[in-house]
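Okay, start-v8.pdb now, which holds PDB, C-alpha atoms and all ligand atoms:
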MODEL        1
ATOM      1  CA  MET Z   1     143.425 122.308 103.979  1.00  0.00           C
ATOM      2  CA  GLU Z   2     143.254 118.538 103.950  1.00  0.00           C
ATOM      3  CA  ARG Z   3     140.148 117.170 102.290  1.00  0.00           C
ATOM      4  CA  GLN Z   4     137.927 115.075 104.464  1.00  0.00           C
ATOM      5  CA  LYS Z   5     138.073 111.385 103.686  1.00  0.00           C
ATOM      6  CA  PRO Z   6     134.888 110.054 102.141  1.00  0.00           C
ATOM      7  CA  GLU Z   7     132.991 107.731 104.396  1.00  0.00           C
ATOM      8  CA  GLY Z   8     133.017 104.121 103.243  1.00  0.00           C
ATOM      9  CA  LYS Z   9     129.970 101.935 102.876  1.00  0.00           C
ATOM     10  CA  PHE Z  10     129.196  98.262 103.319  1.00  0.00           C
ATOM     11  CA  VAL Z  11     126.486  97.072 100.948  1.00  0.00           C
ATOM     12  CA  VAL Z  12     125.260  93.484 100.924  1.00  0.00           C
ATOM     13  CA  PHE Z  13     123.493  91.766  98.022  1.00  0.00           C
ATOM     14  CA  GLU Z  14     121.109  89.049  99.116  1.00  0.00           C
ATOM     15  CA  GLY Z  15     118.702  86.570  97.643  1.00  0.00           C
ATOM     16  CA  VAL Z  16     118.248  82.898  97.020  1.00  0.00           C
ATOM     17  CA  GLY Z  17     120.582  81.097  94.567  1.00  0.00           C
ATOM     18  CA  GLY Z  18     119.762  82.296  91.030  1.00  0.00           C
ATOM     19  CA  SER Z  19     118.236  85.615  92.129  1.00  0.00           C
ATOM     20  CA  GLY Z  20     120.902  87.582  90.248  1.00  0.00           C
ATOM     21  CA  LYS Z  21     123.338  88.710  92.956  1.00  0.00           C
ATOM     22  CA  THR Z  22     126.539  88.072  91.013  1.00  0.00           C
ATOM     23  CA  THR Z  23     125.060  89.631  87.859  1.00  0.00           C
ATOM     24  CA  GLN Z  24     123.959  92.760  89.712  1.00  0.00           C
ATOM     25  CA  ILE Z  25     127.132  93.193  91.758  1.00  0.00           C
ATOM     26  CA  LYS Z  26     129.058  93.475  88.482  1.00  0.00           C
ATOM     27  CA  GLU Z  27     126.648  96.179  87.291  1.00  0.00           C
ATOM     28  CA  ALA Z  28     126.842  98.032  90.615  1.00  0.00           C
ATOM     29  CA  ASP Z  29     130.647  97.863  90.574  1.00  0.00           C
ATOM     30  CA  LYS Z  30     130.704  99.476  87.116  1.00  0.00           C
ATOM     31  CA  TYR Z  31     128.194 102.154  88.120  1.00  0.00           C
ATOM     32  CA  LEU Z  32     130.009 103.137  91.310  1.00  0.00           C
ATOM     33  CA  LYS Z  33     133.432 103.208  89.644  1.00  0.00           C
ATOM     34  CA  GLU Z  34     132.026 105.549  86.975  1.00  0.00           C
ATOM     35  CA  LYS Z  35     130.910 107.793  89.831  1.00  0.00           C
ATOM     36  CA  GLY Z  36     134.491 107.808  91.115  1.00  0.00           C
ATOM     37  CA  CYS Z  37     134.078 105.485  94.106  1.00  0.00           C
ATOM     38  CA  GLU Z  38     136.755 103.070  95.203  1.00  0.00           C
ATOM     39  CA  VAL Z  39     134.937  99.750  95.172  1.00  0.00           C
ATOM     40  CA  ILE Z  40     135.777  96.324  96.546  1.00  0.00           C
ATOM     41  CA  VAL Z  41     133.717  93.357  95.381  1.00  0.00           C
ATOM     42  CA  THR Z  42     133.809  90.358  97.657  1.00  0.00           C
ATOM     43  CA  ARG Z  43     131.787  87.321  98.639  1.00  0.00           C
ATOM     44  CA  GLU Z  44     130.700  85.304 101.618  1.00  0.00           C
ATOM     45  CA  PRO Z  45     131.785  82.850 102.740  1.00  0.00           C
ATOM     46  CA  GLY Z  46     135.255  83.531 101.371  1.00  0.00           C
ATOM     47  CA  GLY Z  47     136.722  86.735 100.039  1.00  0.00           C
ATOM     48  CA  VAL Z  48     140.128  86.242 101.672  1.00  0.00           C
ATOM     49  CA  GLU Z  49     142.384  83.185 101.576  1.00  0.00           C
ATOM     50  CA  ALA Z  50     141.622  81.763 105.029  1.00  0.00           C
ATOM     51  CA  SER Z  51     137.884  82.278 104.571  1.00  0.00           C
ATOM     52  CA  GLU Z  52     137.956  80.636 101.130  1.00  0.00           C
ATOM     53  CA  ILE Z  53     139.517  77.563 102.776  1.00  0.00           C
ATOM     54  CA  ILE Z  54     136.647  77.502 105.274  1.00  0.00           C
ATOM     55  CA  ARG Z  55     134.166  77.971 102.379  1.00  0.00           C
ATOM     56  CA  ASN Z  56     135.497  74.829 100.705  1.00  0.00           C
ATOM     57  CA  LEU Z  57     135.316  72.966 103.999  1.00  0.00           C
ATOM     58  CA  ILE Z  58     131.672  73.998 104.573  1.00  0.00           C
ATOM     59  CA  PHE Z  59     130.704  72.931 101.049  1.00  0.00           C
ATOM     60  CA  LYS Z  60     132.507  69.600 101.465  1.00  0.00           C
ATOM     61  CA  LEU Z  61     130.873  68.800 104.811  1.00  0.00           C
ATOM     62  CA  LYS Z  62     127.458  69.914 103.552  1.00  0.00           C
ATOM     63  CA  SER Z  63     127.772  67.712 100.436  1.00  0.00           C
ATOM     64  CA  GLU Z  64     128.788  64.730 102.544  1.00  0.00           C
ATOM     65  CA  GLY Z  65     125.874  65.348 104.903  1.00  0.00           C
ATOM     66  CA  VAL Z  66     128.118  65.416 107.977  1.00  0.00           C
ATOM     67  CA  ALA Z  67     127.507  69.007 109.139  1.00  0.00           C
ATOM     68  CA  ASN Z  68     124.077  69.914 110.445  1.00  0.00           C
ATOM     69  CA  ALA Z  69     122.714  73.475 110.335  1.00  0.00           C
ATOM     70  CA  ASP Z  70     124.351  74.519 113.610  1.00  0.00           C
ATOM     71  CA  HIS Z  71     127.715  73.028 112.638  1.00  0.00           C
ATOM     72  CA  GLN Z  72     127.600  74.842 109.299  1.00  0.00           C
ATOM     73  CA  MET Z  73     126.656  78.015 111.137  1.00  0.00           C
ATOM     74  CA  ALA Z  74     129.694  77.872 113.415  1.00  0.00           C
ATOM     75  CA  LEU Z  75     131.979  77.536 110.399  1.00  0.00           C
ATOM     76  CA  PHE Z  76     130.262  80.382 108.538  1.00  0.00           C
ATOM     77  CA  PHE Z  77     130.915  82.677 111.501  1.00  0.00           C
ATOM     78  CA  ALA Z  78     134.572  81.621 111.738  1.00  0.00           C
ATOM     79  CA  SER Z  79     135.024  82.474 108.063  1.00  0.00           C
ATOM     80  CA  ARG Z  80     133.078  85.732 108.515  1.00  0.00           C
ATOM     81  CA  LYS Z  81     135.130  86.959 111.478  1.00  0.00           C
ATOM     82  CA  ILE Z  82     138.409  86.651 109.551  1.00  0.00           C
ATOM     83  CA  TRP Z  83     136.897  88.318 106.471  1.00  0.00           C
ATOM     84  CA  LEU Z  84     135.363  91.209 108.441  1.00  0.00           C
ATOM     85  CA  ASP Z  85     138.550  91.937 110.398  1.00  0.00           C
ATOM     86  CA  THR Z  86     141.028  91.650 107.545  1.00  0.00           C
ATOM     87  CA  LEU Z  87     139.106  92.884 104.507  1.00  0.00           C
ATOM     88  CA  VAL Z  88     135.771  94.580 105.084  1.00  0.00           C
ATOM     89  CA  LYS Z  89     136.284  96.785 108.135  1.00  0.00           C
ATOM     90  CA  PRO Z  90     139.699  98.155 107.057  1.00  0.00           C
ATOM     91  CA  ALA Z  91     138.329  98.947 103.568  1.00  0.00           C
ATOM     92  CA  VAL Z  92     135.265 100.778 104.890  1.00  0.00           C
ATOM     93  CA  GLU Z  93     137.477 102.701 107.316  1.00  0.00           C
ATOM     94  CA  LYS Z  94     139.553 103.837 104.332  1.00  0.00           C
ATOM     95  CA  GLY Z  95     136.446 105.219 102.634  1.00  0.00           C
ATOM     96  CA  LYS Z  96     135.889 102.368 100.180  1.00  0.00           C
ATOM     97  CA  VAL Z  97     132.558 100.938  99.130  1.00  0.00           C
ATOM     98  CA  VAL Z  98     132.455  97.211  99.836  1.00  0.00           C
ATOM     99  CA  LEU Z  99     129.909  95.250  97.800  1.00  0.00           C
ATOM    100  CA  SER Z 100     129.392  91.790  99.213  1.00  0.00           C
ATOM    101  CA  ASP Z 101     127.716  88.792  97.666  1.00  0.00           C
ATOM    102  CA  ARG Z 102     125.918  87.537 100.863  1.00  0.00           C
ATOM    103  CA  PHE Z 103     126.517  88.107 104.621  1.00  0.00           C
ATOM    104  CA  ASP Z 104     125.133  86.855 107.959  1.00  0.00           C
ATOM    105  CA  THR Z 105     121.698  87.473 106.418  1.00  0.00           C
ATOM    106  CA  SER Z 106     122.366  84.358 104.304  1.00  0.00           C
ATOM    107  CA  THR Z 107     123.212  82.297 107.382  1.00  0.00           C
ATOM    108  CA  ASN Z 108     119.821  83.141 108.859  1.00  0.00           C
ATOM    109  CA  ALA Z 109     118.020  82.469 105.556  1.00  0.00           C
ATOM    110  CA  TYR Z 110     119.742  79.142 104.828  1.00  0.00           C
ATOM    111  CA  GLN Z 111     120.872  77.619 108.124  1.00  0.00           C
ATOM    112  CA  GLY Z 112     117.964  79.186 110.033  1.00  0.00           C
ATOM    113  CA  TYR Z 113     114.902  79.147 107.763  1.00  0.00           C
ATOM    114  CA  GLY Z 114     116.156  76.627 105.176  1.00  0.00           C
ATOM    115  CA  GLU Z 115     117.681  74.006 107.467  1.00  0.00           C
ATOM    116  CA  GLY Z 116     115.872  74.583 110.764  1.00  0.00           C
ATOM    117  CA  GLY Z 117     118.946  75.718 112.715  1.00  0.00           C
ATOM    118  CA  ASN Z 118     118.592  77.848 115.827  1.00  0.00           C
ATOM    119  CA  LYS Z 119     117.769  81.386 114.620  1.00  0.00           C
ATOM    120  CA  ASP Z 120     118.276  82.848 118.079  1.00  0.00           C
ATOM    121  CA  THR Z 121     121.835  81.496 118.139  1.00  0.00           C
ATOM    122  CA  ILE Z 122     122.444  82.865 114.641  1.00  0.00           C
ATOM    123  CA  GLU Z 123     121.317  86.320 115.711  1.00  0.00           C
ATOM    124  CA  ARG Z 124     123.468  86.239 118.837  1.00  0.00           C
ATOM    125  CA  PHE Z 125     126.521  85.077 116.869  1.00  0.00           C
ATOM    126  CA  SER Z 126     125.893  87.795 114.277  1.00  0.00           C
ATOM    127  CA  LYS Z 127     125.972  90.470 116.962  1.00  0.00           C
ATOM    128  CA  ILE Z 128     129.130  89.092 118.586  1.00  0.00           C
ATOM    129  CA  ILE Z 129     131.051  88.646 115.339  1.00  0.00           C
ATOM    130  CA  GLY Z 130     129.886  91.972 113.878  1.00  0.00           C
ATOM    131  CA  ASP Z 131     130.718  93.802 117.109  1.00  0.00           C
ATOM    132  CA  GLY Z 132     128.540  96.773 116.204  1.00  0.00           C
ATOM    133  CA  PHE Z 133     129.486  96.758 112.526  1.00  0.00           C
ATOM    134  CA  THR Z 134     126.414  96.249 110.326  1.00  0.00           C
ATOM    135  CA  PRO Z 135     125.719  96.798 106.622  1.00  0.00           C
ATOM    136  CA  ASP Z 136     124.665 100.263 105.452  1.00  0.00           C
ATOM    137  CA  ALA Z 137     122.202  98.459 103.191  1.00  0.00           C
ATOM    138  CA  VAL Z 138     121.048  94.976 102.339  1.00  0.00           C
ATOM    139  CA  ILE Z 139     119.668  94.782  98.808  1.00  0.00           C
ATOM    140  CA  LEU Z 140     117.340  91.804  98.558  1.00  0.00           C
ATOM    141  CA  LEU Z 141     116.740  90.493  95.048  1.00  0.00           C
ATOM    142  CA  GLN Z 142     113.269  89.057  95.376  1.00  0.00           C
ATOM    143  CA  VAL Z 143     112.416  86.188  93.027  1.00  0.00           C
ATOM    144  CA  SER Z 144     110.075  83.242  93.427  1.00  0.00           C
ATOM    145  CA  ALA Z 145     111.527  79.832  94.235  1.00  0.00           C
ATOM    146  CA  LYS Z 146     110.339  78.696  90.806  1.00  0.00           C
ATOM    147  CA  VAL Z 147     112.237  81.404  88.904  1.00  0.00           C
ATOM    148  CA  ALA Z 148     115.328  80.870  91.051  1.00  0.00           C
ATOM    149  CA  MET Z 149     115.355  77.157  90.307  1.00  0.00           C
ATOM    150  CA  GLU Z 150     114.835  77.731  86.578  1.00  0.00           C
ATOM    151  CA  ARG Z 151     117.760  80.169  86.484  1.00  0.00           C
ATOM    152  CA  LYS Z 152     120.311  78.287  88.518  1.00  0.00           C
ATOM    153  CA  SER Z 153     122.861  76.578  86.393  1.00  0.00           C
ATOM    154  CA  ASP Z 154     123.872  73.739  88.723  1.00  0.00           C
ATOM    155  CA  LYS Z 155     127.064  75.587  89.528  1.00  0.00           C
ATOM    156  CA  GLU Z 156     129.721  73.094  90.389  1.00  0.00           C
ATOM    157  CA  GLY Z 157     130.616  72.782  94.040  1.00  0.00           C
ATOM    158  CA  ASP Z 158     127.725  74.677  95.625  1.00  0.00           C
ATOM    159  CA  PRO Z 159     125.626  72.095  97.479  1.00  0.00           C
ATOM    160  CA  PHE Z 160     123.112  74.736  98.585  1.00  0.00           C
ATOM    161  CA  ASP Z 161     122.089  75.231  94.933  1.00  0.00           C
ATOM    162  CA  SER Z 162     121.276  71.513  94.637  1.00  0.00           C
ATOM    163  CA  GLU Z 163     118.573  71.506  97.294  1.00  0.00           C
ATOM    164  CA  ASN Z 164     114.911  70.761  96.477  1.00  0.00           C
ATOM    165  CA  SER Z 165     112.091  73.210  95.780  1.00  0.00           C
ATOM    166  CA  GLU Z 166     110.733  73.058  99.362  1.00  0.00           C
ATOM    167  CA  TYR Z 167     114.145  74.176 100.629  1.00  0.00           C
ATOM    168  CA  PHE Z 168     114.259  77.023  98.088  1.00  0.00           C
ATOM    169  CA  GLN Z 169     110.761  78.063  99.169  1.00  0.00           C
ATOM    170  CA  ARG Z 170     111.746  78.154 102.856  1.00  0.00           C
ATOM    171  CA  VAL Z 171     114.756  80.328 102.012  1.00  0.00           C
ATOM    172  CA  VAL Z 172     112.683  82.692  99.821  1.00  0.00           C
ATOM    173  CA  ASP Z 173     110.036  83.012 102.564  1.00  0.00           C
ATOM    174  CA  GLY Z 174     112.777  83.500 105.144  1.00  0.00           C
ATOM    175  CA  TYR Z 175     114.248  86.435 103.227  1.00  0.00           C
ATOM    176  CA  ASP Z 176     110.796  88.030 102.901  1.00  0.00           C
ATOM    177  CA  ASP Z 177     110.251  87.630 106.623  1.00  0.00           C
ATOM    178  CA  MET Z 178     113.636  89.147 107.478  1.00  0.00           C
ATOM    179  CA  ALA Z 179     113.096  92.132 105.163  1.00  0.00           C
ATOM    180  CA  LYS Z 180     109.614  92.730 106.565  1.00  0.00           C
ATOM    181  CA  ASN Z 181     110.870  92.612 110.143  1.00  0.00           C
ATOM    182  CA  ARG Z 182     114.127  94.445 109.359  1.00  0.00           C
ATOM    183  CA  TRP Z 183     116.238  91.600 110.742  1.00  0.00           C
ATOM    184  CA  ARG Z 184     119.075  92.892 112.960  1.00  0.00           C
ATOM    185  CA  GLY Z 185     117.753  96.436 112.530  1.00  0.00           C
ATOM    186  CA  ILE Z 186     119.445  96.582 109.130  1.00  0.00           C
ATOM    187  CA  LYS Z 187     118.184  98.860 106.356  1.00  0.00           C
ATOM    188  CA  TRP Z 188     116.676  96.425 103.836  1.00  0.00           C
ATOM    189  CA  TYR Z 189     115.884  97.405 100.247  1.00  0.00           C
ATOM    190  CA  VAL Z 190     113.708  94.954  98.349  1.00  0.00           C
ATOM    191  CA  VAL Z 191     114.060  94.857  94.570  1.00  0.00           C
ATOM    192  CA  ASP Z 192     111.946  92.870  92.125  1.00  0.00           C
ATOM    193  CA  GLY Z 193     114.592  90.479  90.789  1.00  0.00           C
ATOM    194  CA  GLU Z 194     112.288  89.015  88.146  1.00  0.00           C
ATOM    195  CA  LYS Z 195     112.523  92.150  85.984  1.00  0.00           C
ATOM    196  CA  SER Z 196     115.166  92.395  83.237  1.00  0.00           C
ATOM    197  CA  VAL Z 197     118.838  92.741  84.203  1.00  0.00           C
ATOM    198  CA  ASP Z 198     118.726  96.407  83.084  1.00  0.00           C
ATOM    199  CA  GLU Z 199     115.598  97.252  85.045  1.00  0.00           C
ATOM    200  CA  VAL Z 200     116.936  95.605  88.192  1.00  0.00           C
ATOM    201  CA  SER Z 201     120.235  97.420  87.748  1.00  0.00           C
ATOM    202  CA  LYS Z 202     118.501 100.818  87.443  1.00  0.00           C
ATOM    203  CA  ALA Z 203     116.549 100.164  90.646  1.00  0.00           C
ATOM    204  CA  ILE Z 204     119.764  99.212  92.430  1.00  0.00           C
ATOM    205  CA  ASN Z 205     121.604 102.299  91.169  1.00  0.00           C
ATOM    206  CA  ALA Z 206     118.888 104.498  92.688  1.00  0.00           C
ATOM    207  CA  ILE Z 207     119.341 102.679  96.016  1.00  0.00           C
ATOM    208  CA  LEU Z 208     123.117 103.083  95.832  1.00  0.00           C
ATOM    209  CA  ASP Z 209     122.718 106.827  95.200  1.00  0.00           C
ATOM    210  CA  LYS Z 210     120.596 107.075  98.332  1.00  0.00           C
ATOM    211  CA  VAL Z 211     122.996 105.020 100.444  1.00  0.00           C
ATOM    212  CA  LEU Z 212     126.012 107.063  99.310  1.00  0.00           C
ATOM    213  CA  GLU Z 213     124.269 110.350 100.125  1.00  0.00           C
ATOM    214  CA  LYS Z 214     123.812 109.285 103.740  1.00  0.00           C
ATOM    215  CA  LYS Z 215     126.593 110.280 106.064  1.00  0.00           C
TER     216      LYS Z 215
HETATM  217  N1  LIG Z 301     117.136  89.821  85.748  1.00  0.00           N
HETATM  218  C1  LIG Z 301     117.443  88.659  85.165  1.00  0.00           C
HETATM  219  N2  LIG Z 301     116.650  88.123  84.222  1.00  0.00           N
HETATM  220  C2  LIG Z 301     116.941  86.940  83.643  1.00  0.00           C
HETATM  221  N3  LIG Z 301     118.036  86.198  83.934  1.00  0.00           N
HETATM  222  C3  LIG Z 301     118.866  86.676  84.870  1.00  0.00           C
HETATM  223  C4  LIG Z 301     118.627  87.924  85.542  1.00  0.00           C
HETATM  224  N4  LIG Z 301     119.625  88.128  86.429  1.00  0.00           N
HETATM  225  C5  LIG Z 301     120.450  87.076  86.314  1.00  0.00           C
HETATM  226  N5  LIG Z 301     120.014  86.196  85.393  1.00  0.00           N
HETATM  227  C6  LIG Z 301     120.628  84.907  85.007  1.00  0.00           C
HETATM  228  O1  LIG Z 301     120.286  83.967  86.023  1.00  0.00           O
HETATM  229  C7  LIG Z 301     121.396  83.139  86.357  1.00  0.00           C
HETATM  230  C8  LIG Z 301     121.736  83.323  87.831  1.00  0.00           C
HETATM  231  O2  LIG Z 301     122.208  84.661  88.055  1.00  0.00           O
HETATM  232  P1  LIG Z 301     123.367  84.956  89.091  1.00  0.00           P
HETATM  233  O3  LIG Z 301     124.483  83.983  88.934  1.00  0.00           O
HETATM  234  O4  LIG Z 301     123.688  86.401  88.996  1.00  0.00           O
HETATM  235  O5  LIG Z 301     122.582  84.642  90.450  1.00  0.00           O
HETATM  236  P2  LIG Z 301     123.154  84.514  91.908  1.00  0.00           P
HETATM  237  O6  LIG Z 301     122.141  85.146  92.797  1.00  0.00           O
HETATM  238  O7  LIG Z 301     124.535  85.044  91.975  1.00  0.00           O
HETATM  239  O8  LIG Z 301     123.152  82.942  92.157  1.00  0.00           O
HETATM  240  P3  LIG Z 301     124.043  82.087  93.206  1.00  0.00           P
HETATM  241  O9  LIG Z 301     123.544  82.447  94.586  1.00  0.00           O
HETATM  242  O10 LIG Z 301     123.710  80.679  92.855  1.00  0.00           O
HETATM  243  O11 LIG Z 301     125.473  82.459  92.986  1.00  0.00           O
HETATM  244  C9  LIG Z 301     122.523  83.562  85.418  1.00  0.00           C
HETATM  245  O12 LIG Z 301     122.501  82.689  84.304  1.00  0.00           O
HETATM  246  C10 LIG Z 301     122.147  84.974  85.005  1.00  0.00           C
HETATM  247  O13 LIG Z 301     122.637  85.305  83.725  1.00  0.00           O
HETATM  248 MG    MG Z 302     126.368  84.171  92.536  1.00  0.00          MG
ENDMDL
END
Mind turning the file's structure into structure tokens?
Ligand SMILES: Nc1ncnc2c1ncn2[C@@H]1O[C@H](COP(=O)(O)OP(=O)(O)OP(=O)(O)O)[C@@H](O)[C@H]1O
Ligand SMILES: [Mg+2]
Amino acid sequence: MERQKPEGKFVVFEGVGGSGKTTQIKEADKYLKEKGCEVIVTREPGGVEASEIIRNLIFKLKSEGVANADHQMALFFASRKIWLDTLVKPAVEKGKVVLSDRFDTSTNAYQGYGEGGNKDTIERFSKIIGDGFTPDAVILLQVSAKVAMERKSDKEGDPFDSENSEYFQRVVDGYDDMAKNRWRGIKWYVVDGEKSVDEVSKAINAILDKVLEKK
């Protein structure tokens, strides 16, 4: 008898720049592989060639100050549509666990709350582009704006990391608001990102266990 294919999962890591997403995705990748899962680690915007080109374009236009929040938003969704159709959805359909560094949740936090773009438009675009496909979990690494700014290492080429503390605060508050109101009806898991890397990782592993149990 043919064994049933395991059901894939789409898990998104969220949080302001410096909250520990990249650090924790590496830990989660290791943990899930040890459990025997097939894991794909990817990022937004980007993850596939065409979307990485759009990522560079967004960063360039943002740095030059020639794309407002709504213009950035339109480009983020173009990048996202290609990435969802060519990488994420096919992988989940094949039973893989996709771990993504950011998703449309970031567009709402940054272009919506951070930059004052139209949050209603962002939500409508998210629904259209996702076409019924939503994350199985969004893991929000909660840190204060102060801690985030202390941790960030002025990564080259990311103009969103170079914003001021008021901007960081709006993004942090935006994430809290979205988690509280379960933005887009997504299952949000909030983790204290100010704890040690090991403690945060343990909390995330427990969440991953729960998400993988769900069919
Ligand atoms: N729990 C932690 N405690 C202390 N330092 C941490 C913790 N997690 C990550 N860091 C450090 O903070 C910095 C930022 O972490 P990381 O790059 O993982 O954040 P990020 O959310 O991916 O940021 P960005 O959105 O800018 O890519 C790194 O130097 C990392 O080593
Ligand atoms: Mg990162």
Have a look at Z:Ala206, Z:Ile139, Z:Val211, Z:Thr23 and name the one nearest to Z:Ala179; count all atoms listed in the file.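 The shortest atom-to-atom distance to Z:Ala179 comes from Z:Ile139.
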Would you write out, as a JSON list (two decimals) with C-alpha atoms, keeping the file's coordinate frame, every residue that the PyMOL selection byres (((not hetatm)) within 12 of (chain Z and resi 302)) captures in this file?
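Output file selection-v1.json follows:
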[["chain", "number", "residue", "atom", "x", "y", "z"],
["Z", 13, "PHE", "CA", 123.49, 91.77, 98.02],
["Z", 14, "GLU", "CA", 121.11, 89.05, 99.12],
["Z", 15, "GLY", "CA", 118.70, 86.57, 97.64],
["Z", 16, "VAL", "CA", 118.25, 82.90, 97.02],
["Z", 17, "GLY", "CA", 120.58, 81.10, 94.57],
["Z", 18, "GLY", "CA", 119.76, 82.30, 91.03],
["Z", 19, "SER", "CA", 118.24, 85.62, 92.13],
["Z", 20, "GLY", "CA", 120.90, 87.58, 90.25],
["Z", 21, "LYS", "CA", 123.34, 88.71, 92.96],
["Z", 22, "THR", "CA", 126.54, 88.07, 91.01],
["Z", 23, "THR", "CA", 125.06, 89.63, 87.86],
["Z", 24, "GLN", "CA", 123.96, 92.76, 89.71],
["Z", 25, "ILE", "CA", 127.13, 93.19, 91.76],
["Z", 26, "LYS", "CA", 129.06, 93.48, 88.48],
["Z", 42, "THR", "CA", 133.81, 90.36, 97.66],
["Z", 43, "ARG", "CA", 131.79, 87.32, 98.64],
["Z", 44, "GLU", "CA", 130.70, 85.30, 101.62],
["Z", 45, "PRO", "CA", 131.78, 82.85, 102.74],
["Z", 100, "SER", "CA", 129.39, 91.79, 99.21],
["Z", 101, "ASP", "CA", 127.72, 88.79, 97.67],
["Z", 102, "ARG", "CA", 125.92, 87.54, 100.86],
["Z", 141, "LEU", "CA", 116.74, 90.49, 95.05],
["Z", 148, "ALA", "CA", 115.33, 80.87, 91.05],
["Z", 151, "ARG", "CA", 117.76, 80.17, 86.48],
["Z", 152, "LYS", "CA", 120.31, 78.29, 88.52],
["Z", 153, "SER", "CA", 122.86, 76.58, 86.39],
["Z", 154, "ASP", "CA", 123.87, 73.74, 88.72],
["Z", 155, "LYS", "CA", 127.06, 75.59, 89.53],
["Z", 156, "GLU", "CA", 129.72, 73.09, 90.39],
["Z", 158, "ASP", "CA", 127.72, 74.68, 95.62],
["Z", 160, "PHE", "CA", 123.11, 74.74, 98.58],
["Z", 161, "ASP", "CA", 122.09, 75.23, 94.93]]
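What separates atom CA of Z:Glu7 from atom CA of Z:Val97 is a distance of 8.6 Å.
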Near Z:Lys214, within 12 Å and counting only C-alpha atoms, which residues show up once chain neighbours fewer than 2 positions away are dropped, as a tab-separated table (two decimals) with C-alpha atoms, in the frame of the given file?
chain	number	residue	atom	x	y	z
Z	6	PRO	CA	134.89	110.05	102.14
Z	7	GLU	CA	132.99	107.73	104.40
Z	8	GLY	CA	133.02	104.12	103.24
Z	9	LYS	CA	129.97	101.94	102.88
Z	136	ASP	CA	124.66	100.26	105.45
Z	137	ALA	CA	122.20	98.46	103.19
Z	207	ILE	CA	119.34	102.68	96.02
Z	208	LEU	CA	123.12	103.08	95.83
Z	209	ASP	CA	122.72	106.83	95.20
Z	210	LYS	CA	120.60	107.08	98.33
Z	211	VAL	CA	123.00	105.02	100.44
Z	212	LEU	CA	126.01	107.06	99.31
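The shortest atom-to-atom distance to Z:Asp176, with only C-alpha atoms taken into account, belongs to Z:Val143 out of Z:Asp104, Z:Cys37, Z:Val143, Z:Leu87.
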Residue members of the PyMOL selection byres (((chain Z and resi 135) around 8) and not hetatm) in the file shown, as a list in words: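 In the shown coordinates, the PyMOL selection byres (((chain Z and resi 135) around 8) and not hetatm) covers Lys9, Phe10, Val11, Val12, Phe133, Thr134, Asp136, Ala137, Val138, Ile186 and Lys187 of chain Z.
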Might you spell out which residues the PyMOL selection byres (((chain Z and resi 62-79) around 6) and not hetatm) would select in the displayed file, as a ChimeraX atom specification? /Z:51,54,58-61,80-82,111,115,117,159
Calculated over all atoms listed in the file, which of the candidates Z:Glu27, Z:Gly130, Z:Lys94, Z:Gln142 has the smallest distance to Z:Val41?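 Closest candidate: Z:Glu27.
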Using only C-alpha atoms, list the residues that have an atom at most 12 Å from (117.5, 83.8, 116.2), coordinates as in the file, as a VMD selection string. chain Z and resid 70 73 104 to 105 107 to 109 111 to 113 116 to 127 178 183 to 184
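Put simply, atom CA of Z:Glu199 is 7.6 Å away from atom N1 of ligand LIG 301 (chain Z).
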Would you work out the distance separating atom CA of Z:Val39 from atom CA of Z:Asn205, expressed in Å to one decimal? 14.2 Å
For ligand LIG 301 (chain Z), which residue out of Z:Ala91, Z:Leu140, Z:Ile53, Z:Val190 is the nearest one, using all atoms listed in the file? Z:Leu140
Please determine an axis-aligned box that encloses all atoms of stretch 140-149 of chain Z listed in the file, with 8 Å added on each side, and express its centre and edge lengths in Å to one decimal as JSON.
{"center_x": 113.7, "center_y": 84.5, "center_z": 93.7, "size_x": 23.3, "size_y": 30.6, "size_z": 25.7}
From the options Z:Lys180, Z:Trp83, Z:Tyr110, Z:Gly36, which residue's atoms come nearest to Z:Glu52, counting all atoms listed in the file?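 The answer is Z:Trp83, which sits nearest to Z:Glu52.
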With all atoms listed in the file as the basis for distance, which of Z:Glu150, Z:Glu38, Z:Glu166, Z:Asp131 is at the shortest distance from ligand LIG 301 (chain Z)?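 Ranked by minimum distance to ligand LIG 301 (chain Z), first place goes to Z:Glu150.
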